[in-house]
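Visitor: Here it is: the structure, laid out below.
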Amino acid sequence: MLGGDEHTIAPTECEWAMMRLQAAFERSCVQLANLAGKETLSFQELLLLHVVAMQHHPQTSQSLARQLNRDDVPNIQYTLRKLQQQDLVKKRREPGGRIYNYEATKSGREFVERYAEVRSLLLTGKTKFIDDIDKRLSAANDLVSLLTGVYDDVARVSSTYSPLDSD
């Protein structure tokens with residue numbers, strides 16, 4: 001059972017809240033992309049495009065996966081190919097090497113700018129009225145970053161854990 005005492009109930013409730021937040025965040029991102037002119041982008045394509053577009057220099061698929069805390073590089077590469085087909089991202093080979101880098105195209109950057117404008121109007125225009133929102137979001141970010149490390153550690157340890165080890 002996921003909740004038995006106060007210490008097991010609180011993490012369980014937090015996990016459920018994060019799942020609801022993730023679902024709401026995904027819906028809002030896709031809808032904002034629709035309003036910004038890209039009705040066909042999936043949530044994963046949108047996230048990856050944003051990460052590519054906010055870089056100051058081209059990135060490898062491995063670097064992009066790391067920034068997103070993902071270990072499924074082949075899926076990242078597949079999504080990058082889909083973004084290339086829509087002329088939102090371009091792929092470049094390192095001179096004399098086998099390494100490919102990705103960067104946003106002009107149309108990719110223009111879309112991200114339109115998305116940011118719509119987001120500003122519909123999201124940050126409303127959140128600025130919440131008392132101490134910047135301070136509260138910063139504290140939430142610190143907590144989520146800490147929990148990310150804890151969950152990553154749980155995943156690492158559990159990959160070699162056997163229920164018999166607890167006896």
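Here's how to read the names in the structure tokens: chain A, B, ... by the order shown, residue numbers from 1 in each chain, ligand numbers from 1 in the order shown.
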For segment 76-87 of chain A, please output as an MDAnalysis selection string all residues within 10 Å (counting only C-alpha atoms; exclusion window: fewer than 4 positions along the same chain).
Guide: chainID A and resid 38 40:42 44:46 48:49 52 60:62 64:65 68 70:72 91 102:108
Visitor: Tell me which protein, DNA and RNA residues are within 9 Å of Glu26 of chain A, counting only C-alpha atoms, leaving out same-chain ones fewer than 5 positions away, and put them as a ChimeraX atom specification.
Guide: /A:21,31,43
Visitor: Which neighbours of Leu123 of chain A fall inside 12 Å, counting only C-alpha atoms, when residues of the same chain fewer than 4 positions from it are skipped, and could you give them as a PyMOL selection string?
Guide: chain A and resi 25+28-29+31-32+115-119+127-130
Visitor: Emit the selected residues as a compact mmCIF listing (two decimals), in the first residue's frame, including C-alpha atoms.
Guide:
```txt
# COMPACT_ATOMS: atom_id res chain seq x y z
CA PHE A 25 1.23 20.90 -18.37
CA SER A 28 -1.47 23.35 -22.05
CA CYS A 29 1.79 23.08 -24.02
CA GLN A 31 -2.74 23.85 -26.96
CA LEU A 32 -0.31 26.78 -26.84
CA TYR A 115 4.81 30.17 -28.68
CA ALA A 116 6.53 32.33 -26.03
CA GLU A 117 4.28 35.27 -26.89
CA VAL A 118 1.11 33.18 -26.56
CA ARG A 119 2.44 31.60 -23.35
CA THR A 127 0.46 33.87 -12.66
CA LYS A 128 1.92 37.31 -11.90
CA PHE A 129 -1.08 37.95 -9.68
CA ILE A 130 -0.19 35.11 -7.31
```
Visitor: So, with only C-alpha atoms as the atoms that count, which of A:Tyr161, A:Val150, A:Pro58, A:Ile9 lies closest to Arg93 of chain A?
Guide: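 Nearest to Arg93 of chain A: A:Pro58.
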Visitor: As a ChimeraX atom specification, please: all residues of chain A that backbone DSSP puts in strand (DSSP E or B).
Guide: /A:59,89-93,100-104
Visitor: Work out how far atom CA of Val30 of chain A is from atom CA of Leu47 of chain A, in Å to one decimal.
Guide: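 Between atom CA of Leu47 of chain A and atom CA of Val30 of chain A the gap works out to 9.8 Å.
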Visitor: Using only C-alpha atoms, which of A:Glu113, A:Lys90, A:Leu35, A:Cys14 sits nearest Val144 of chain A?
Guide: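 Answer, going by the shortest atom-to-atom distance: A:Cys14.
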Visitor: Pick the closest to Asn34 of chain A from A:Thr12, A:Ala53, A:Arg20, A:Phe111: which is it, counting only C-alpha atoms?
Guide: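 With only C-alpha atoms as the atom set, the closest residue is A:Phe111.
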Visitor: Go through A:Glu94, A:Ile99, A:Ser120, A:Gly4 and flag the residue nearest Ala36 of chain A, using only C-alpha atoms for the distances.
Guide: A:Ser120
Visitor: Could you pull out the residues in segment 35-121 of chain A that DSSP calls alpha helix (DSSP H) from the backbone, as a PyMOL selection string?
Guide: chain A and resi 35+43-53+61-67+73-85+106-119
